[in-house]
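Data first, discussion second: the structure below is written as structure tokens.
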Amino acid sequence: MMTMAPAPFQTEVLQTDSTNWVMGPYHPGLPGLMQLKLVLDGELVVSARTETGFAHRGLEKVFESEGWTAGVLISDRLDPEGAIFGELAYCQAVEDLAGIEVSERALFVRTLAAELSRVVSHLGFVARLARTVGAETLFHYVQRDREKFVDLFELLTGARFSLNFLRMGGVVHDVTDGFLERVLEVCAVMRHRFKEYNDLFSYNQAFLGRARATANITPEAAKRVGLSGPNARASGIAMDTRRWAPHAAYSKLDFDVVMGEEREGDCHGRYMIRIREIVQSMDIIRQCSEIMPTGSALGLKADEKFKIPIGEGFSRVESSRGLLTCHVLSAGGERPSRVHFRVPSRAPLDLLPEIIPGCQLEDIPLVLASLDLNLAEIDR
Amino acid sequence: MIETLSKVFSSLLILQLGFVLPVGFLHSYFERKIGADLQARVGPNRVGPLGLFQGIADQLKLLQKVSPELKTPQLALWPALQLAALHAAMVTVPIAPHLLMTITGLSILLPLWCILMVSVCSLLLGVNSREFTGWLAGLRSAFQAISGFLPAMISLISVGLSAGGFQWSNLLSPHDSSMGTWLMFREPFLFVSFLIFLASGMVILSLPPFDSTASGPDLRGGLGTLFSGRRSSLSVIIKFYGVLVWCVLTVGLFMGGWALPGFLSSVLVAVLGEGAANTFAYQAIQVFLVGLKTLSLMMVLGVVGRVMPRIRFDQVADFSWRALGPISLVCLMGSALLKAGGISP
Amino acid sequence: MANPKSSHEVWSARVREVFKGLAIQDVSQFEATGSNRAIQIFVSRESFSEALSQLRRSSNELGLSFFEDLFAMEFQGGLLVTAKWTDTSQFGRSLWLRVVLPVTGTGELTELPSLAQFWPAAIGSELEIEVLFGIQFLNRPDFGSDFSLDHDHDHDHFGFPMRRLGSSTEKAEQQ
């Protein structure tokens, strides 16, 4: 009888290669126009590269072809949410260069506007973060409250986001009667909202499970890339430009540097520090309202032929995202020769290739949202 | 044969027109209105009185859109199979005595298999999507379904054990069903089993907050965005059907099903006579009651989904394997001990 | 408590001493309001590397732990590159290292050693300056960041947009 030889044993090989995936430049999970090139092992990120420049508008070049006053309009396009900070940095640099005095009242009005901008920016951060993790209810609550602050901008300047409010030497017009009272009313309402936010979201186990110990930024990594603002303070670096480089009226106000409680530098820490900063900003707003000096807050009414003497000017501002500086060069003409901004969003972007590996794919939008990147100011 | 077919057809028609459509209509309206209220919004208020017809308008809008060509023909097959599985489940769940078309010794397990079929089709849909995001969404769906299936199955076994069998007739008392006699209130282990069963359903069906398969920020919407136009309306219907089947199943298992409360049953018997249970009015009220309970349960799931942030899919699976599974086993043992000890009613 | 002004003078003197021996063209105070003043040191291109090395060795002692900025601009017929370090804990302690790179037209590349190899915070600025001003930073490390306007992406070379030297814009301004 013929016997058949047994079939040779064959092993099956399971394909476990890593996958390359590119997120962006258009992707709902990204904070703006950028690319994130990922190497994934299943759902775990192995490595990441970033690419920016898609939103490059040539903003710094545009300054060179417009007059000095028009520069205010351009600078408030730097960060659409925190328009005042770009304007403040630019105006301070030009005032520094030309030796333009700013009245006390104007300093306080600028500080008030800056802190309102900070609140709007941080509330926008909370709303974006909530939407990223599917907390739609909190998203709507925060947007409802943010609208009240944006309405204050409309009351003050006529515009909601691109405010065009500052001028060299002051502001375009003073606060109107009843504005300060309205601001305090809105802040009073806002104070009650935090309990709602905390009950609903801040200490929700589902959110904590995703945000705690995710994408930790150590103090050493923060210092290495020049991290500033709430991201740095969440990692334990006590750095607030309003303290070490006081501008506007901050030297006359009483406030502490808000630090993270746990100093862990994770997503939850970065979220909580911004909640605390909103509370601090409202306290600063209250102080500004109480001790607002009398007098004129108006800046120079300048037409296109306004000239600044030859020289350089420099200023620093603590924007909602961190240290924002403006360096201005004048050749004595009607337009700047060079305007350069150092933006705070660049540093957290440089950290992404370091903190994203090891995260789950589903957590990448959360990590990006927690860093509060602004691609508009990174690319300019 | 013709008589059987006509009976089946008329039952299906009554099922759709008398139960599914009204529940769907009310669910689409109240879920959006209550969800909007929770989120400090107004909700639908334009189409029809108080915005009642918004759901219909949305479906009509989707139906009039032309769907683009599909990348692969299988992308049309899997949603069709999902819908077929869900329709098959509808005939095995207890909505009314004359609408229950499948009576077997393992009746209460049949809908679970149909729901599992939906998850299998989601996996295959993701594989055939030829997109990385679709592939991941399909895998996540399968991952969650496997993890949610075990606690659901164990909860079902607890129910069968307490009821003395896996037929609907064991579970649903034909006469008195006051709330106190509902299975979920008979003993604490069954109440916990009820909660586990609901949670497992949310995991298997990827309902919020366990909806990482449809996560927008990372997967650009997952499987739901594979379709547009008319096929998009199909995916909405499939999602609704999945929730409906699970809630009807839960109502039948734990909340008394179609059995009327004692006082109402007595009134109807007094008015309609001894054969009241076979009259149209009696059975219509039974369908209405099941619909009311189902709708309430669907509202609760909707509210939970609106309020909770999304949980990552591996954390969901972790939760299922490490929490729902062991607790459901403890409940099964507890129910068994109570039954064996003669303590369970 | 020490007089802050005198401690700043002491610090300034120490800065001058650190850079002694290098081909320094100018050391001056950049006067600005409040804490925005800085010591600016103009070095020659040839001694830029050495200046960076000195600064690396002395940054702890000088307290210049924070790399603030790196940018370029046209200045006196060349490209002025400015790198800024600052001490965020002390009032007014900032150091600017500045070097002028002579260029003749708009199309030529020029070079500098990379700062990002020692101060990773400079990487973003170096990527931008390379594309917008045409200043190549030698031995620039790769930290995983790309700039989409980079020439490596095979875009048609569009010149260096932030330069005006020799361009039609400059000629129009001169006229």
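The chains in the structure tokens are called A, B, ... from first to last as shown; in each chain the residues are counted from 1, and the ligands are counted from 1 in the order shown.
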Show which residues sit within 10 Å of Met190 of chain A, as a list in words. Count only C-alpha atoms, and ignore same-chain residues fewer than 6 positions away.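 After dropping sequence-adjacent residues, the list is Val142, Asp145, Arg146, Lys148, Phe149, Leu184, Ile278, Val279 and Met282 of chain A.
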Grab the residues selected above and save them as an mmCIF file, in the first residue's frame with N, CA and C atoms.
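Output contents, as saved in result-v6.cif:
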```
data_model
loop_
_atom_site.group_PDB
_atom_site.id
_atom_site.type_symbol
_atom_site.label_atom_id
_atom_site.label_comp_id
_atom_site.auth_asym_id
_atom_site.auth_seq_id
_atom_site.Cartn_x
_atom_site.Cartn_y
_atom_site.Cartn_z
ATOM 1 N N VAL A 142 -19.157 76.277 27.768
ATOM 2 C CA VAL A 142 -18.028 77.208 27.718
ATOM 3 C C VAL A 142 -18.235 78.233 26.611
ATOM 4 N N ASP A 145 -20.498 80.910 27.767
ATOM 5 C CA ASP A 145 -19.870 81.868 28.668
ATOM 6 C C ASP A 145 -18.854 82.734 27.938
ATOM 7 N N ARG A 146 -18.162 82.127 26.978
ATOM 8 C CA ARG A 146 -17.175 82.883 26.188
ATOM 9 C C ARG A 146 -17.844 84.001 25.390
ATOM 10 N N LYS A 148 -20.181 85.845 26.275
ATOM 11 C CA LYS A 148 -20.395 87.026 27.130
ATOM 12 C C LYS A 148 -19.148 87.906 27.108
ATOM 13 N N PHE A 149 -17.962 87.286 27.119
ATOM 14 C CA PHE A 149 -16.728 88.073 27.098
ATOM 15 C C PHE A 149 -16.487 88.668 25.720
ATOM 16 N N LEU A 184 -17.572 93.725 35.302
ATOM 17 C CA LEU A 184 -17.621 93.088 36.630
ATOM 18 C C LEU A 184 -18.828 92.168 36.754
ATOM 19 N N ILE A 278 -7.828 81.749 34.494
ATOM 20 C CA ILE A 278 -9.048 82.517 34.207
ATOM 21 C C ILE A 278 -9.507 83.209 35.489
ATOM 22 N N VAL A 279 -9.476 82.464 36.579
ATOM 23 C CA VAL A 279 -9.870 83.056 37.861
ATOM 24 C C VAL A 279 -8.943 84.212 38.200
ATOM 25 N N MET A 282 -9.647 87.301 36.136
ATOM 26 C CA MET A 282 -10.837 88.043 36.584
ATOM 27 C C MET A 282 -10.509 88.870 37.818
#
```
When you look at Gly299 of chain A with a cut-off of 12 Å (counting only C-alpha atoms), what residues show up, excluding the ones that are within fewer than 3 positions of it in the same chain? I need them as an NGL selection string. :A and (69 or 91-92 or 95 or 100-107 or 109-110 or 165-174 or 296 or 302)
Counting only C-alpha atoms, collect the residues of chain A whose closest atom lies at most 9 Å from chain B, and write them out as a ChimeraX atom specification. /A:21,23,27-30,42-43,130-141,144,200-201,204,206-207,209-210,360-366
Create the file for the chosen residues now, containing N, CA and C atoms and written as a tab-separated table (two decimals), in the first residue's frame.
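Everything below was put into part10.tsv:
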```
chain	number	residue	atom	x	y	z
A	21	TRP	N	1.49	56.94	8.82
A	21	TRP	CA	0.25	57.69	8.59
A	21	TRP	C	0.53	59.16	8.75
A	23	MET	N	-1.14	62.74	9.35
A	23	MET	CA	-2.33	63.53	9.73
A	23	MET	C	-2.12	64.95	9.22
A	27	HIS	N	-7.12	68.23	9.16
A	27	HIS	CA	-7.57	67.11	9.97
A	27	HIS	C	-8.31	67.69	11.17
A	28	PRO	N	-9.47	67.13	11.51
A	28	PRO	CA	-10.22	67.72	12.62
A	28	PRO	C	-9.52	67.65	13.95
A	29	GLY	N	-8.56	66.73	14.10
A	29	GLY	CA	-7.88	66.60	15.38
A	29	GLY	C	-6.69	67.51	15.55
A	30	LEU	N	-6.29	68.19	14.48
A	30	LEU	CA	-5.13	69.06	14.56
A	30	LEU	C	-5.57	70.49	14.89
A	42	GLY	N	0.36	49.49	15.45
A	42	GLY	CA	-1.05	49.35	15.82
A	42	GLY	C	-1.62	50.72	16.12
A	43	GLU	N	-1.99	50.93	17.37
A	43	GLU	CA	-2.51	52.25	17.74
A	43	GLU	C	-1.51	53.04	18.57
A	130	ALA	N	-12.50	70.15	25.39
A	130	ALA	CA	-13.70	69.38	25.71
A	130	ALA	C	-14.23	68.69	24.45
A	131	ARG	N	-14.22	69.40	23.36
A	131	ARG	CA	-14.73	68.81	22.11
A	131	ARG	C	-13.82	67.67	21.66
A	132	THR	N	-12.54	67.80	21.91
A	132	THR	CA	-11.60	66.74	21.50
A	132	THR	C	-11.89	65.42	22.19
A	133	VAL	N	-12.29	65.50	23.46
A	133	VAL	CA	-12.59	64.25	24.17
A	133	VAL	C	-14.07	63.93	24.17
A	134	GLY	N	-14.84	64.61	23.34
A	134	GLY	CA	-16.26	64.27	23.19
A	134	GLY	C	-17.15	64.82	24.27
A	135	ALA	N	-16.66	65.76	25.07
A	135	ALA	CA	-17.51	66.36	26.11
A	135	ALA	C	-18.26	67.53	25.50
A	136	GLU	N	-19.25	67.20	24.69
A	136	GLU	CA	-19.95	68.23	23.94
A	136	GLU	C	-20.72	69.17	24.85
A	137	THR	N	-21.23	68.65	25.95
A	137	THR	CA	-22.01	69.49	26.87
A	137	THR	C	-21.15	70.61	27.41
A	138	LEU	N	-19.95	70.27	27.88
A	138	LEU	CA	-19.08	71.33	28.40
A	138	LEU	C	-18.70	72.30	27.30
A	139	PHE	N	-18.49	71.79	26.10
A	139	PHE	CA	-18.16	72.65	24.97
A	139	PHE	C	-19.21	73.75	24.81
A	140	HIS	N	-20.49	73.35	24.85
A	140	HIS	CA	-21.54	74.34	24.67
A	140	HIS	C	-21.63	75.30	25.85
A	141	TYR	N	-21.43	74.79	27.05
A	141	TYR	CA	-21.46	75.66	28.22
A	141	TYR	C	-20.36	76.71	28.13
A	144	ARG	N	-21.03	79.33	25.52
A	144	ARG	CA	-22.06	80.26	26.01
A	144	ARG	C	-21.41	81.34	26.87
A	200	LEU	N	-18.69	68.81	36.10
A	200	LEU	CA	-18.99	68.11	34.86
A	200	LEU	C	-17.77	67.46	34.22
A	201	PHE	N	-16.64	68.12	34.37
A	201	PHE	CA	-15.52	67.72	33.51
A	201	PHE	C	-14.16	67.62	34.19
A	204	ASN	N	-13.76	64.58	36.19
A	204	ASN	CA	-14.49	63.42	35.67
A	204	ASN	C	-13.51	62.29	35.44
A	206	ALA	N	-13.54	59.77	33.50
A	206	ALA	CA	-13.25	59.46	32.10
A	206	ALA	C	-12.18	60.40	31.56
A	207	PHE	N	-12.31	61.69	31.89
A	207	PHE	CA	-11.32	62.66	31.43
A	207	PHE	C	-9.98	62.45	32.12
A	209	GLY	N	-8.81	59.72	33.30
A	209	GLY	CA	-8.19	58.50	32.77
A	209	GLY	C	-7.44	58.74	31.48
A	210	ARG	N	-7.88	59.72	30.72
A	210	ARG	CA	-7.20	60.01	29.46
A	210	ARG	C	-6.12	61.08	29.61
A	360	GLN	N	-1.25	56.81	22.68
A	360	GLN	CA	-2.18	56.14	21.78
A	360	GLN	C	-2.60	57.14	20.71
A	361	LEU	N	-2.95	56.60	19.54
A	361	LEU	CA	-3.39	57.45	18.44
A	361	LEU	C	-4.58	58.31	18.85
A	362	GLU	N	-5.49	57.71	19.64
A	362	GLU	CA	-6.71	58.42	20.03
A	362	GLU	C	-6.40	59.61	20.94
A	363	ASP	N	-5.24	59.60	21.59
A	363	ASP	CA	-4.90	60.67	22.51
A	363	ASP	C	-4.15	61.81	21.85
A	364	ILE	N	-3.77	61.66	20.60
A	364	ILE	CA	-3.00	62.72	19.94
A	364	ILE	C	-3.77	64.03	19.87
A	365	PRO	N	-5.05	64.02	19.47
A	365	PRO	CA	-5.77	65.30	19.48
A	365	PRO	C	-5.85	65.92	20.87
A	366	LEU	N	-5.96	65.07	21.89
A	366	LEU	CA	-6.00	65.60	23.25
A	366	LEU	C	-4.68	66.27	23.61
```
Within 9 Å of segment 255-272 of chain B, counting only C-alpha atoms, which residues show up once you throw out same-chain ones fewer than 3 positions away? Write them as a CSV table (one decimal) with N, CA and C atoms, in the first residue's frame, please.
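Ended up saving to result_27.csv:
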```
chain,number,residue,atom,x,y,z
B,94,PRO,N,-39.5,40.8,22.4
B,94,PRO,CA,-40.9,40.8,22.9
B,94,PRO,C,-41.5,42.2,22.9
B,95,ILE,N,-42.2,42.5,21.8
B,95,ILE,CA,-42.9,43.8,21.7
B,95,ILE,C,-44.4,43.6,22.0
B,96,ALA,N,-44.9,42.6,21.5
B,96,ALA,CA,-46.3,42.2,21.8
B,96,ALA,C,-46.4,40.7,21.5
B,97,PRO,N,-47.4,40.0,22.2
B,97,PRO,CA,-47.4,38.6,22.0
B,97,PRO,C,-47.6,38.1,20.6
B,171,LEU,N,-40.2,34.6,31.2
B,171,LEU,CA,-39.8,35.9,31.8
B,171,LEU,C,-41.0,36.8,31.9
B,172,LEU,N,-42.0,36.6,31.0
B,172,LEU,CA,-43.0,37.7,31.0
B,172,LEU,C,-44.3,37.1,31.6
B,173,SER,N,-44.7,37.6,32.7
B,173,SER,CA,-45.9,37.1,33.3
B,173,SER,C,-47.1,37.6,32.5
B,174,PRO,N,-48.1,36.8,32.2
B,174,PRO,CA,-49.2,37.2,31.3
B,174,PRO,C,-50.2,38.2,32.0
B,175,HIS,N,-50.1,38.3,33.3
B,175,HIS,CA,-51.2,39.1,33.9
B,175,HIS,C,-50.7,40.3,34.7
B,176,ASP,N,-49.9,40.1,35.7
B,176,ASP,CA,-49.6,41.2,36.6
B,176,ASP,C,-48.1,41.5,36.4
B,177,SER,N,-47.9,42.8,36.1
B,177,SER,CA,-46.5,43.2,36.0
B,177,SER,C,-46.3,44.6,36.7
B,178,SER,N,-46.7,44.7,37.9
B,178,SER,CA,-46.4,46.0,38.6
B,178,SER,C,-44.9,46.0,38.7
B,179,MET,N,-44.4,47.3,38.9
B,179,MET,CA,-42.9,47.5,38.9
B,179,MET,C,-42.2,46.6,39.9
B,181,THR,N,-42.6,43.6,40.5
B,181,THR,CA,-42.4,42.2,40.0
B,181,THR,C,-41.4,42.2,38.9
B,182,TRP,N,-41.0,43.4,38.4
B,182,TRP,CA,-39.9,43.4,37.4
B,182,TRP,C,-38.7,42.6,37.9
B,183,LEU,N,-38.1,42.0,36.9
B,183,LEU,CA,-36.9,41.1,37.3
B,183,LEU,C,-35.8,41.9,37.9
B,184,MET,N,-35.6,43.2,37.5
B,184,MET,CA,-34.5,43.9,37.9
B,184,MET,C,-34.6,44.3,39.4
B,185,PHE,N,-35.9,44.3,39.9
B,185,PHE,CA,-36.1,44.6,41.3
B,185,PHE,C,-36.3,43.4,42.2
B,248,VAL,N,-35.2,47.3,23.6
B,248,VAL,CA,-36.4,46.5,23.7
B,248,VAL,C,-36.0,45.1,24.4
B,249,LEU,N,-34.8,44.7,24.1
B,249,LEU,CA,-34.4,43.4,24.8
B,249,LEU,C,-34.3,43.6,26.3
B,250,THR,N,-33.7,44.8,26.7
B,250,THR,CA,-33.6,45.1,28.1
B,250,THR,C,-34.9,45.2,28.8
B,251,VAL,N,-35.8,45.9,28.1
B,251,VAL,CA,-37.2,46.0,28.6
B,251,VAL,C,-37.8,44.6,28.8
B,252,GLY,N,-37.6,43.8,27.8
B,252,GLY,CA,-38.2,42.4,27.9
B,252,GLY,C,-37.6,41.6,29.0
B,275,GLY,N,-61.7,37.5,27.3
B,275,GLY,CA,-60.8,37.3,26.2
B,275,GLY,C,-60.1,38.6,25.8
B,276,ALA,N,-59.9,39.5,26.9
B,276,ALA,CA,-59.4,40.8,26.6
B,276,ALA,C,-58.0,40.8,26.0
B,277,ALA,N,-57.2,39.8,26.5
B,277,ALA,CA,-55.8,39.7,26.1
B,277,ALA,C,-55.6,39.5,24.6
B,279,THR,N,-57.7,40.9,22.3
B,279,THR,CA,-58.3,42.0,21.6
B,279,THR,C,-57.2,43.0,21.1
B,281,ALA,N,-57.3,46.3,21.2
B,281,ALA,CA,-57.1,47.4,22.2
B,281,ALA,C,-56.1,47.0,23.2
B,282,TYR,N,-56.3,45.8,23.8
B,282,TYR,CA,-55.3,45.3,24.8
B,282,TYR,C,-53.9,45.2,24.3
B,283,GLN,N,-53.8,44.6,23.1
B,283,GLN,CA,-52.5,44.4,22.5
B,283,GLN,C,-51.8,45.8,22.1
B,285,ILE,N,-52.3,48.5,23.7
B,285,ILE,CA,-51.8,49.1,24.9
B,285,ILE,C,-50.5,48.4,25.3
B,286,GLN,N,-50.4,47.2,25.1
B,286,GLN,CA,-49.1,46.4,25.4
B,286,GLN,C,-48.0,47.0,24.5
B,287,VAL,N,-48.2,47.2,23.3
B,287,VAL,CA,-47.2,47.8,22.4
B,287,VAL,C,-46.8,49.2,22.8
B,288,PHE,N,-47.9,49.9,23.2
B,288,PHE,CA,-47.6,51.3,23.7
B,288,PHE,C,-46.7,51.3,24.9
B,289,LEU,N,-47.0,50.4,25.8
B,289,LEU,CA,-46.2,50.3,27.1
B,289,LEU,C,-44.8,49.9,26.8
B,290,VAL,N,-44.6,48.9,25.9
B,290,VAL,CA,-43.2,48.5,25.6
B,290,VAL,C,-42.5,49.7,24.9
B,293,LYS,N,-41.5,52.3,27.6
B,293,LYS,CA,-40.3,51.9,28.4
B,293,LYS,C,-39.1,51.9,27.5
```
Residue with smallest distance to Trp85 of chain C - pool A:Val175, A:Gly226, A:Ala83, A:Phe125, counting only C-alpha atoms: A:Gly226
Residues of chain C within 6 Å of chain A, counting only C-alpha atoms - could you list those as a ChimeraX atom specification? /C:35,120-121,144-148
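Across the model, the gap from atom CA of Ala137 of chain B to atom CA of Ala57 of chain B is 28.9 Å.
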